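Heads up, target.pdb below (PDB, C-alpha atoms and all ligand atoms):
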```pdb
ATOM      1  CA  MET A 125     107.630 205.810  56.107
ATOM      2  CA  ALA A 126     109.681 205.601  52.919
ATOM      3  CA  ALA A 127     108.825 202.827  50.481
ATOM      4  CA  ALA A 128     111.051 199.810  49.924
ATOM      5  CA  LEU A 129     112.902 200.057  46.619
ATOM      6  CA  LEU A 130     112.137 197.428  43.993
ATOM      7  CA  GLU A 131     115.453 197.120  42.228
ATOM      8  CA  GLY A 132     115.367 195.118  39.022
ATOM      9  CA  LYS A 133     119.055 194.339  39.316
ATOM     10  CA  LYS A 134     118.606 192.004  42.286
ATOM     11  CA  ILE A 135     115.840 189.894  40.740
ATOM     12  CA  ALA A 136     117.663 189.928  37.412
ATOM     13  CA  ALA A 137     120.777 188.490  39.097
ATOM     14  CA  GLU A 138     118.736 185.623  40.575
ATOM     15  CA  ILE A 139     117.117 184.810  37.224
ATOM     16  CA  ARG A 140     120.515 184.956  35.488
ATOM     17  CA  GLU A 141     122.012 182.451  37.945
ATOM     18  CA  ASP A 142     119.214 180.043  37.065
ATOM     19  CA  LEU A 143     119.632 180.654  33.314
ATOM     20  CA  LYS A 144     123.400 180.120  33.510
ATOM     21  CA  ALA A 145     122.891 176.734  35.130
ATOM     22  CA  ARG A 146     120.270 175.740  32.556
ATOM     23  CA  ILE A 147     122.504 176.778  29.642
ATOM     24  CA  GLU A 148     125.428 174.832  31.128
ATOM     25  CA  ASP A 149     123.143 171.818  31.400
ATOM     26  CA  PHE A 150     122.105 172.183  27.719
ATOM     27  CA  ARG A 151     125.789 172.349  26.751
ATOM     28  CA  ASN A 152     126.640 169.216  28.719
ATOM     29  CA  ARG A 153     123.694 167.252  27.413
ATOM     30  CA  SER A 154     123.624 168.252  23.743
ATOM     31  CA  GLY A 155     126.752 170.314  23.039
ATOM     32  CA  ALA A 156     124.490 173.155  21.857
ATOM     33  CA  VAL A 157     123.679 176.505  23.484
ATOM     34  CA  PRO A 158     120.886 179.015  22.680
ATOM     35  CA  SER A 159     121.550 181.508  19.943
ATOM     36  CA  LEU A 160     120.031 184.995  19.539
ATOM     37  CA  ALA A 161     120.030 186.912  16.248
ATOM     38  CA  THR A 162     119.332 190.610  16.443
ATOM     39  CA  ILE A 163     118.599 192.720  13.376
ATOM     40  CA  GLN A 164     119.450 196.392  13.268
ATOM     41  CA  VAL A 165     118.415 198.510  10.282
ATOM     42  CA  GLY A 166     120.621 201.596   9.944
ATOM     43  CA  GLU A 167     122.323 203.254  12.903
ATOM     44  CA  ASN A 168     120.386 204.503  15.896
ATOM     45  CA  PRO A 169     122.178 206.044  18.868
ATOM     46  CA  ALA A 170     119.013 205.774  21.021
ATOM     47  CA  ALA A 171     118.950 201.986  20.549
ATOM     48  CA  ALA A 172     122.698 201.535  21.066
ATOM     49  CA  VAL A 173     122.518 201.350  24.899
ATOM     50  CA  TYR A 174     119.880 198.611  24.837
ATOM     51  CA  LEU A 175     121.819 196.736  22.146
ATOM     52  CA  ARG A 176     125.041 196.798  24.178
ATOM     53  CA  ALA A 177     123.186 195.596  27.268
ATOM     54  CA  GLN A 178     121.732 192.690  25.259
ATOM     55  CA  GLN A 179     125.121 191.664  23.911
ATOM     56  CA  LYS A 180     126.827 191.869  27.309
ATOM     57  CA  THR A 181     124.094 189.914  29.092
ATOM     58  CA  ALA A 182     123.950 187.226  26.386
ATOM     59  CA  GLU A 183     127.695 186.715  26.411
ATOM     60  CA  LYS A 184     127.858 186.517  30.223
ATOM     61  CA  LEU A 185     125.233 183.777  30.157
ATOM     62  CA  GLY A 186     126.858 181.780  27.354
ATOM     63  CA  ILE A 187     124.168 182.605  24.758
ATOM     64  CA  ASN A 188     125.492 183.070  21.209
ATOM     65  CA  PHE A 189     124.732 186.634  20.162
ATOM     66  CA  LYS A 190     124.833 187.642  16.517
ATOM     67  CA  LEU A 191     124.176 191.185  15.308
ATOM     68  CA  HIS A 192     122.873 191.472  11.739
ATOM     69  CA  LYS A 193     123.390 195.054  10.568
ATOM     70  CA  LEU A 194     121.297 195.987   7.551
ATOM     71  CA  ASP A 195     121.697 199.120   5.477
ATOM     72  CA  GLU A 196     119.412 202.021   6.424
ATOM     73  CA  LYS A 197     117.971 201.912   2.877
ATOM     74  CA  THR A 198     116.631 198.382   3.480
ATOM     75  CA  ASN A 199     112.934 198.332   2.567
ATOM     76  CA  GLU A 200     110.128 196.408   4.230
ATOM     77  CA  ARG A 201     110.158 193.536   1.701
ATOM     78  CA  GLU A 202     113.927 193.070   2.083
ATOM     79  CA  LEU A 203     113.636 193.063   5.889
ATOM     80  CA  ILE A 204     110.828 190.486   5.780
ATOM     81  CA  ASP A 205     112.930 188.279   3.445
ATOM     82  CA  TYR A 206     115.877 188.587   5.837
ATOM     83  CA  ILE A 207     113.699 187.595   8.801
ATOM     84  CA  ASP A 208     112.437 184.635   6.796
ATOM     85  CA  ARG A 209     115.997 183.415   6.205
ATOM     86  CA  LEU A 210     116.640 183.549   9.967
ATOM     87  CA  ASN A 211     113.297 181.802  10.589
ATOM     88  CA  LYS A 212     114.652 178.873   8.547
ATOM     89  CA  GLU A 213     118.152 178.785  10.103
ATOM     90  CA  ARG A 214     118.319 175.817  12.462
ATOM     91  CA  ASP A 215     121.068 177.425  14.553
ATOM     92  CA  THR A 216     119.061 180.586  15.248
ATOM     93  CA  ASN A 217     116.759 180.084  18.229
ATOM     94  CA  GLY A 218     115.639 183.657  18.853
ATOM     95  CA  ILE A 219     115.101 186.697  16.605
ATOM     96  CA  LEU A 220     114.931 190.271  17.792
ATOM     97  CA  ILE A 221     114.334 193.421  15.735
ATOM     98  CA  GLN A 222     115.923 196.574  17.133
ATOM     99  CA  MET A 223     113.549 199.517  17.293
ATOM    100  CA  PRO A 224     113.111 202.132  16.016
ATOM    101  CA  LEU A 225     113.008 201.044  12.364
ATOM    102  CA  PRO A 226     113.447 203.592   9.556
ATOM    103  CA  SER A 227     110.244 205.340   8.454
ATOM    104  CA  GLY A 228     108.792 203.477   5.512
ATOM    105  CA  ILE A 229     108.887 200.172   7.400
ATOM    106  CA  ASN A 230     105.713 199.382   9.327
ATOM    107  CA  ALA A 231     107.238 198.554  12.716
ATOM    108  CA  LYS A 232     103.919 197.288  14.118
ATOM    109  CA  GLU A 233     103.583 194.659  11.372
ATOM    110  CA  ILE A 234     107.159 193.349  11.439
ATOM    111  CA  PRO A 235     106.843 191.022  14.502
ATOM    112  CA  ASN A 236     104.106 189.160  12.568
ATOM    113  CA  PHE A 237     106.783 187.828  10.207
ATOM    114  CA  ILE A 238     108.972 186.247  12.907
ATOM    115  CA  ASP A 239     108.430 182.528  13.452
ATOM    116  CA  PRO A 240     106.399 182.530  16.727
ATOM    117  CA  ALA A 241     108.762 179.849  18.077
ATOM    118  CA  LYS A 242     111.670 182.313  17.670
ATOM    119  CA  ASP A 243     109.782 185.476  18.720
ATOM    120  CA  VAL A 244     111.714 186.172  21.928
ATOM    121  CA  GLU A 245     110.136 189.599  22.412
ATOM    122  CA  GLY A 246     106.733 187.944  22.634
ATOM    123  CA  MET A 247     105.149 190.345  20.148
ATOM    124  CA  HIS A 248     103.852 187.851  17.561
ATOM    125  CA  PRO A 249     100.022 187.662  17.661
ATOM    126  CA  GLU A 250     100.245 183.933  18.438
ATOM    127  CA  ASN A 251     102.356 184.584  21.541
ATOM    128  CA  LEU A 252     100.174 187.526  22.600
ATOM    129  CA  GLY A 253      97.147 185.258  22.156
ATOM    130  CA  LYS A 254      98.695 182.750  24.551
ATOM    131  CA  VAL A 255      99.153 185.496  27.150
ATOM    132  CA  LEU A 256      95.435 186.203  26.743
ATOM    133  CA  SER A 257      94.629 182.587  27.598
ATOM    134  CA  GLY A 258      97.083 182.527  30.516
ATOM    135  CA  LYS A 259      99.033 179.525  29.146
ATOM    136  CA  PHE A 260     102.268 180.885  27.715
ATOM    137  CA  GLU A 261     106.035 180.454  27.760
ATOM    138  CA  ILE A 262     106.968 183.791  26.192
ATOM    139  CA  ALA A 263     105.443 187.152  27.104
ATOM    140  CA  PRO A 264     106.524 190.701  26.109
ATOM    141  CA  CYS A 265     109.747 191.414  28.043
ATOM    142  CA  THR A 266     108.981 194.790  29.633
ATOM    143  CA  ALA A 267     105.477 193.757  30.699
ATOM    144  CA  MET A 268     106.895 190.569  32.184
ATOM    145  CA  ALA A 269     109.617 192.556  34.004
ATOM    146  CA  ALA A 270     106.923 194.772  35.587
ATOM    147  CA  PHE A 271     104.925 191.674  36.552
ATOM    148  CA  GLU A 272     107.974 189.947  38.094
ATOM    149  CA  LEU A 273     108.669 193.062  40.170
ATOM    150  CA  ILE A 274     105.099 193.064  41.468
ATOM    151  CA  LYS A 275     105.353 189.363  42.345
ATOM    152  CA  SER A 276     108.698 189.923  44.072
ATOM    153  CA  THR A 277     106.920 191.926  46.798
ATOM    154  CA  GLY A 278     105.169 188.724  47.873
ATOM    155  CA  ILE A 279     101.806 190.508  48.206
ATOM    156  CA  LYS A 280      98.683 188.451  47.537
ATOM    157  CA  LEU A 281      97.439 189.426  44.077
ATOM    158  CA  TYR A 282      93.988 187.822  44.168
ATOM    159  CA  GLY A 283      91.263 190.471  44.352
ATOM    160  CA  LYS A 284      93.630 193.480  44.437
ATOM    161  CA  GLU A 285      92.819 196.751  42.629
ATOM    162  CA  ALA A 286      95.391 197.580  39.940
ATOM    163  CA  VAL A 287      95.586 200.623  37.708
ATOM    164  CA  ILE A 288      97.723 200.585  34.571
ATOM    165  CA  VAL A 289      98.518 203.945  32.983
ATOM    166  CA  GLY A 290      99.418 203.496  29.302
ATOM    167  CA  HIS A 291      97.888 200.931  26.945
ATOM    168  CA  SER A 292     100.694 200.188  24.472
ATOM    169  CA  GLU A 293     101.039 196.733  22.937
ATOM    170  CA  ILE A 294     104.482 196.242  24.486
ATOM    171  CA  VAL A 295     103.681 197.265  28.080
ATOM    172  CA  GLY A 296     100.228 198.436  29.181
ATOM    173  CA  LYS A 297      98.028 195.871  27.422
ATOM    174  CA  PRO A 298     100.115 192.781  28.259
ATOM    175  CA  VAL A 299     100.545 193.887  31.918
ATOM    176  CA  THR A 300      96.762 194.227  32.082
ATOM    177  CA  LEU A 301      96.394 190.618  30.883
ATOM    178  CA  LEU A 302      99.123 189.240  33.161
ATOM    179  CA  LEU A 303      97.375 190.748  36.207
ATOM    180  CA  LEU A 304      93.898 189.707  35.048
ATOM    181  CA  ASN A 305      95.176 186.110  34.845
ATOM    182  CA  GLU A 306      95.886 186.424  38.595
ATOM    183  CA  PHE A 307      92.325 187.636  39.367
ATOM    184  CA  VAL A 308      93.413 191.209  39.952
ATOM    185  CA  THR A 309      90.730 193.847  39.179
ATOM    186  CA  VAL A 310      92.433 195.982  36.548
ATOM    187  CA  THR A 311      91.641 199.443  35.195
ATOM    188  CA  THR A 312      93.696 200.447  32.162
ATOM    189  CA  CYS A 313      94.070 204.199  31.578
ATOM    190  CA  HIS A 314      95.376 205.969  28.479
ATOM    191  CA  ILE A 315      95.389 209.308  26.725
ATOM    192  CA  GLY A 316      91.556 209.319  26.679
ATOM    193  CA  THR A 317      91.543 209.075  30.485
ATOM    194  CA  GLY A 318      94.176 211.826  30.708
ATOM    195  CA  GLU A 319      92.241 214.183  28.437
ATOM    196  CA  ARG A 320      89.000 213.558  30.319
ATOM    197  CA  GLY A 321      90.785 214.585  33.529
ATOM    198  CA  THR A 322      89.915 211.429  35.478
ATOM    199  CA  LEU A 323      93.440 209.984  35.735
ATOM    200  CA  PRO A 324      93.922 211.060  39.397
ATOM    201  CA  ASP A 325      90.592 209.426  40.401
ATOM    202  CA  HIS A 326      91.737 206.094  39.018
ATOM    203  CA  VAL A 327      95.328 206.269  40.282
ATOM    204  CA  LYS A 328      94.130 207.084  43.822
ATOM    205  CA  ARG A 329      92.369 203.702  43.980
ATOM    206  CA  ALA A 330      95.406 201.673  42.905
ATOM    207  CA  GLU A 331      96.847 199.111  45.307
ATOM    208  CA  ILE A 332      99.089 198.151  42.389
ATOM    209  CA  LEU A 333     100.062 200.925  39.988
ATOM    210  CA  VAL A 334     101.977 200.417  36.725
ATOM    211  CA  VAL A 335     102.803 203.542  34.722
ATOM    212  CA  ALA A 336     104.154 203.277  31.152
ATOM    213  CA  VAL A 337     103.566 206.528  29.308
ATOM    214  CA  GLY A 338     106.801 208.421  28.673
ATOM    215  CA  LYS A 339     105.893 211.754  30.331
ATOM    216  CA  ALA A 340     108.071 212.895  33.225
ATOM    217  CA  GLY A 341     106.128 213.456  36.436
ATOM    218  CA  LEU A 342     102.709 212.701  34.892
ATOM    219  CA  VAL A 343     101.588 210.870  38.044
ATOM    220  CA  LYS A 344     101.746 213.122  41.100
ATOM    221  CA  GLY A 345     103.050 211.885  44.426
ATOM    222  CA  GLU A 346      99.851 212.858  46.262
ATOM    223  CA  TRP A 347      97.760 210.581  43.996
ATOM    224  CA  ILE A 348      99.494 207.464  45.332
ATOM    225  CA  LYS A 349      97.430 205.313  47.678
ATOM    226  CA  GLU A 350      99.072 204.592  51.049
ATOM    227  CA  GLY A 351     100.804 201.204  50.910
ATOM    228  CA  ALA A 352     100.628 200.842  47.116
ATOM    229  CA  VAL A 353     103.063 198.914  44.906
ATOM    230  CA  VAL A 354     104.312 201.392  42.289
ATOM    231  CA  ILE A 355     106.011 200.212  39.098
ATOM    232  CA  ASP A 356     107.312 203.091  37.000
ATOM    233  CA  VAL A 357     108.212 201.864  33.520
ATOM    234  CA  GLY A 358     108.703 205.331  32.010
ATOM    235  CA  ILE A 359     112.141 206.552  31.035
ATOM    236  CA  ASN A 360     112.465 210.279  30.379
ATOM    237  CA  ARG A 361     115.535 212.427  29.971
ATOM    238  CA  VAL A 362     115.252 215.686  31.919
ATOM    239  CA  GLY A 363     118.433 217.709  31.530
ATOM    240  CA  ASP A 364     121.221 215.242  32.226
ATOM    241  CA  LYS A 365     119.041 212.999  34.419
ATOM    242  CA  LEU A 366     116.797 210.034  33.693
ATOM    243  CA  VAL A 367     113.448 210.121  35.476
ATOM    244  CA  GLY A 368     110.249 208.073  35.395
ATOM    245  CA  ASP A 369     106.603 209.004  34.839
ATOM    246  CA  VAL A 370     105.842 209.120  38.587
ATOM    247  CA  GLU A 371     106.976 211.972  40.877
ATOM    248  CA  PHE A 372     109.355 209.852  42.904
ATOM    249  CA  GLU A 373     109.777 211.934  46.094
ATOM    250  CA  GLY A 374     106.092 212.294  46.906
ATOM    251  CA  ALA A 375     105.240 208.756  45.803
ATOM    252  CA  GLU A 376     107.989 207.180  47.864
ATOM    253  CA  GLU A 377     106.516 208.623  51.080
ATOM    254  CA  ARG A 378     103.157 206.968  50.474
ATOM    255  CA  ALA A 379     103.917 203.711  48.638
ATOM    256  CA  ALA A 380     105.006 200.484  50.329
ATOM    257  CA  TYR A 381     107.161 199.501  47.317
ATOM    258  CA  ILE A 382     108.432 201.601  44.424
ATOM    259  CA  THR A 383     110.800 201.102  41.485
ATOM    260  CA  PRO A 384     113.595 203.630  41.086
ATOM    261  CA  VAL A 385     114.271 205.114  37.627
ATOM    262  CA  PRO A 386     116.818 204.171  36.464
ATOM    263  CA  GLY A 387     117.432 200.806  38.143
ATOM    264  CA  GLY A 388     113.886 199.419  38.392
ATOM    265  CA  VAL A 389     112.224 197.812  35.395
ATOM    266  CA  GLY A 390     115.030 198.485  32.889
ATOM    267  CA  PRO A 391     117.724 196.090  34.243
ATOM    268  CA  LEU A 392     115.194 193.263  34.446
ATOM    269  CA  THR A 393     113.892 193.652  30.885
ATOM    270  CA  VAL A 394     117.087 192.399  29.216
ATOM    271  CA  THR A 395     117.268 189.411  31.562
ATOM    272  CA  ILE A 396     113.650 188.467  30.753
ATOM    273  CA  LEU A 397     114.611 188.665  27.079
ATOM    274  CA  MET A 398     117.402 186.133  27.702
ATOM    275  CA  LYS A 399     114.986 183.920  29.626
ATOM    276  CA  ASN A 400     112.736 183.977  26.546
ATOM    277  CA  VAL A 401     115.720 182.922  24.379
ATOM    278  CA  VAL A 402     116.348 179.982  26.721
ATOM    279  CA  GLU A 403     112.649 178.993  26.652
ATOM    280  CA  ALA A 404     112.611 179.216  22.836
ATOM    281  CA  PHE A 405     115.730 177.011  22.601
ATOM    282  CA  ARG A 406     114.297 174.462  25.020
ATOM    283  CA  ALA A 407     110.994 174.243  23.113
ATOM    284  CA  GLN A 408     112.732 173.977  19.718
ATOM    285  CA  LYS A 409     115.012 171.175  20.923
ATOM    286  CA  GLY A 410     112.209 169.422  22.776
ATOM    287  CA  ILE A 411     114.178 169.306  26.037
TER
HETATM  288  P1  LIG A 501     103.726 204.366  23.923
HETATM  289  O1  LIG A 501     104.061 205.720  23.437
HETATM  290  O2  LIG A 501     103.564 203.246  22.954
HETATM  291  O3  LIG A 501     102.384 204.450  24.787
HETATM  292  C1  LIG A 501     102.146 205.498  25.664
HETATM  293  C2  LIG A 501     100.817 205.287  26.357
HETATM  294  O4  LIG A 501     100.587 206.354  27.242
HETATM  295  C3  LIG A 501      99.622 205.228  25.416
HETATM  296  O5  LIG A 501      98.772 204.179  25.843
HETATM  297  C4  LIG A 501      98.923 206.573  25.618
HETATM  298  O6  LIG A 501      97.527 206.524  25.421
HETATM  299  C5  LIG A 501      99.273 206.838  27.082
HETATM  300  N1  LIG A 501      99.244 208.258  27.453
HETATM  301  C6  LIG A 501      99.827 209.290  26.820
HETATM  302  N2  LIG A 501      99.578 210.447  27.461
HETATM  303  C7  LIG A 501      98.792 210.141  28.524
HETATM  304  C8  LIG A 501      98.196 210.900  29.570
HETATM  305  N3  LIG A 501      98.346 212.225  29.632
HETATM  306  N4  LIG A 501      97.463 210.258  30.488
HETATM  307  C9  LIG A 501      97.301 208.914  30.436
HETATM  308  N5  LIG A 501      97.866 208.134  29.482
HETATM  309  C10 LIG A 501      98.601 208.742  28.538
HETATM  310  O7  LIG A 501     104.815 204.030  25.035
HETATM  311  P2  LIG A 501     105.532 202.649  25.489
HETATM  312  O8  LIG A 501     106.314 202.114  24.344
HETATM  313  O9  LIG A 501     104.573 201.780  26.187
HETATM  314  O10 LIG A 501     106.570 203.258  26.542
HETATM  315  C11 LIG A 501     106.145 203.979  27.669
HETATM  316  C12 LIG A 501     107.344 204.406  28.489
HETATM  317  O11 LIG A 501     108.028 203.254  28.942
HETATM  318  C13 LIG A 501     108.393 205.217  27.730
HETATM  319  O12 LIG A 501     108.951 206.171  28.615
HETATM  320  C14 LIG A 501     109.450 204.191  27.365
HETATM  321  O13 LIG A 501     110.735 204.774  27.239
HETATM  322  C15 LIG A 501     109.392 203.298  28.570
HETATM  323  N6  LIG A 501     109.855 201.920  28.300
HETATM  324  C16 LIG A 501     110.734 201.372  29.192
HETATM  325  C17 LIG A 501     111.186 200.088  29.008
HETATM  326  C18 LIG A 501     112.135 199.486  30.007
HETATM  327  O14 LIG A 501     112.738 198.464  29.756
HETATM  328  N7  LIG A 501     112.259 200.039  31.190
HETATM  329  C19 LIG A 501     110.781 199.352  27.883
HETATM  330  C20 LIG A 501     109.830 199.918  27.030
HETATM  331  C21 LIG A 501     109.373 201.215  27.227
END
```

Taking this structure as input, can you express it in the form of structure tokens?
Amino acid sequence: MAAALLEGKKIAAEIREDLKARIEDFRNRSGAVPSLATIQVGENPAAAVYLRAQQKTAEKLGINFKLHKLDEKTNERELIDYIDRLNKERDTNGILIQMPLPSGINAKEIPNFIDPAKDVEGMHPENLGKVLSGKFEIAPCTAMAAFELIKSTGIKLYGKEAVIVGHSEIVGKPVTLLLLNEFVTVTTCHIGTGERGTLPDHVKRAEILVVAVGKAGLVKGEWIKEGAVVIDVGINRVGDKLVGDVEFEGAEERAAYITPVPGGVGPLTVTILMKNVVEAFRAQKGI
């Protein structure tokens, strides 16, 4: 039997309805609405699609969106000073840095300079630390999108076996923590697992599988456990098509739920970002 499709768009639409109502309520009560500042250093065609999606979603919801375009020659010190100015601006509730940054700027260090209260991507160590403890308002957007999709299936998480493929700071590690907080037994695989050749052994056990690597077709359809929930975060361009990291055809026959690529995790990520902006605004205003 073919798996049910987990389409991010549907859940995103529900979350957006809720956010719209909350923003309208803020406007009526205080006259203010959340405001998101996004910093782009130089031009990057790869980031342009995500940027446009952010702007469109923010505007639809009634969130003020301001793009700060910095010259591609901006150095790390200048970027940090710019972030600091936005940290101090009362009317800026959320700050987002568009990736990739030019070489010469340490992209991994930059989130550390955002005021944690305005870190709407959830990448500041203080916010990541809160995810570790399970008491958090803001978590990394893509990881949270994957987690929301898993929860949307309604399956009982307690005691389930999950396998995460990919251990990046933005996806694999935070997804691992989010599931651990729910008493899921989690195995996190990475390049070391791949090179050892044991990836199929782990994947075959997964009742919940999250794959975030960036290699088309890395996970074979026949590795998927019957009835699994499969979340494919990967986005790969193959010819003129976008595909995930999981071989969709084979996987779809075995899984109970599966995300399509495109149309799965991606559409939900931007909405989670906006939810983080709303949470940041609410916390800053004490409402
Ligand atoms: P990354 O490059 O930071 O991390 C890749 C991970 O894959 C690493 O943990 C690495 O050890 C692991 N890996 C590499 N080869 C492997 C192998 N052969 N076997 C097992 N593990 C292996 O990547 P990322 O930033 O986490 O992104 C992963 C994918 O998710 C990319 O395709 C990216 O485009 C996509 N992505 C999608 C969204 C979205 O909104 N849908 C957001 C972020 C990233």

Contact table chain A vs ligand LIG 501 (chain A), cut-off 8 Å, shortest pair per residue, all atoms listed in the file, as CSV:
```
residue,atom,partner,partner_atom,distance
A:Cys265,CA,A:LIG501,O14,7.8
A:Thr266,CA,A:LIG501,C19,5.2
A:Ala269,CA,A:LIG501,O14,7.9
A:Val289,CA,A:LIG501,N5,5.5
A:Gly290,CA,A:LIG501,O5,3.6
A:His291,CA,A:LIG501,O5,3.5
A:Ser292,CA,A:LIG501,O2,4.5
A:Glu293,CA,A:LIG501,O9,7.0
A:Ile294,CA,A:LIG501,O9,5.8
A:Val295,CA,A:LIG501,O9,5.0
A:Gly296,CA,A:LIG501,O9,6.2
A:Cys313,CA,A:LIG501,C9,5.8
A:His314,CA,A:LIG501,N5,3.4
A:Ile315,CA,A:LIG501,C10,3.7
A:Gly316,CA,A:LIG501,O6,6.7
A:Thr317,CA,A:LIG501,C9,5.8
A:Gly318,CA,A:LIG501,N4,3.6
A:Glu319,CA,A:LIG501,N3,6.5
A:Leu323,CA,A:LIG501,N4,6.6
A:Val335,CA,A:LIG501,C12,7.8
A:Ala336,CA,A:LIG501,C11,4.1
A:Val337,CA,A:LIG501,O4,3.6
A:Gly338,CA,A:LIG501,O12,3.1
A:Lys339,CA,A:LIG501,O12,6.6
A:Leu342,CA,A:LIG501,N3,6.9
A:Val357,CA,A:LIG501,O11,4.8
A:Gly358,CA,A:LIG501,O12,3.5
A:Ile359,CA,A:LIG501,O12,4.0
A:Asn360,CA,A:LIG501,O12,5.7
A:Gly368,CA,A:LIG501,O12,7.2
A:Asp369,CA,A:LIG501,O12,7.2
A:Gly388,CA,A:LIG501,N7,7.4
A:Val389,CA,A:LIG501,N7,4.8
A:Gly390,CA,A:LIG501,N7,3.6
A:Pro391,CA,A:LIG501,O14,7.1
A:Leu392,CA,A:LIG501,O14,7.4
A:Thr393,CA,A:LIG501,O14,5.1
A:Val394,CA,A:LIG501,O14,7.5
```

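Distances from A:Val402, A:Ile382, A:Val299, A:Ala182 to Gly258 of chain A were compared using only C-alpha atoms, and the smallest one belongs to A:Val299.
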
Box for segment 275-293 of chain A: with edges along x, y and z, all listed atoms inside and 6 Å added on each side, what are the centre and edge lengths in Å to one decimal, as AutoDock Vina command-line options?
```
--center_x 100.0 --center_y 195.9 --center_z 35.6 --size_x 29.4 --size_y 28.1 --size_z 37.3
```

For this session: Would you mind listing what lies within 8 Å of Ala161 of chain A as a ChimeraX atom specification, with all atoms listed in the file counted and same-chain residues fewer than 5 positions away left out?
Result: /A:189-192,210,216-220

For this session: Rank nothing, just name the residue among A:Leu273, A:Leu256, A:Ala171, A:Ile279 nearest to Gly387 of chain A, using only C-alpha atoms.
Result: A:Leu273

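When atom CA of Leu130 of chain A is paired with atom CA of His248 of chain A, their separation reads 29.3 Å.
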
For this session: Compare A:Ile139, A:Met223, A:Leu252, A:Leu203 by their minimum atom-to-atom distance to Phe237 of chain A, counting all atoms listed in the file, and give me the closest one.
Result: A:Leu203

Exercise. Between atom CA of Gly283 of chain A and atom CA of Val370 of chain A, what is the distance, to one decimal in Å?
Worked result: 24.4 Å

Here's the selection I'm unsure about, the PyMOL selection byres (((chain A and resi 197) around 9) and not hetatm); applied to the file above, which residues does it give, as a short mmCIF file (atom, residue, chain, number, x, y, z; two decimals) with C-alpha atoms, in the frame of the given file?
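Listing of result22.cif after writing:
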```cif
data_model
loop_
_atom_site.label_atom_id
_atom_site.label_comp_id
_atom_site.auth_asym_id
_atom_site.auth_seq_id
_atom_site.Cartn_x
_atom_site.Cartn_y
_atom_site.Cartn_z
CA VAL A 165 118.42 198.51 10.28
CA GLY A 166 120.62 201.60 9.94
CA LEU A 194 121.30 195.99 7.55
CA ASP A 195 121.70 199.12 5.48
CA GLU A 196 119.41 202.02 6.42
CA THR A 198 116.63 198.38 3.48
CA ASN A 199 112.93 198.33 2.57
CA PRO A 226 113.45 203.59 9.56
#
```

Problem set entry | Selection dump of the PyMOL selection byres (((chain A and resi 325) around 12) and not hetatm), as an MDAnalysis selection string | chainID A and resid 287 311 313 317:318 320:324 326:330 343:344 346:349
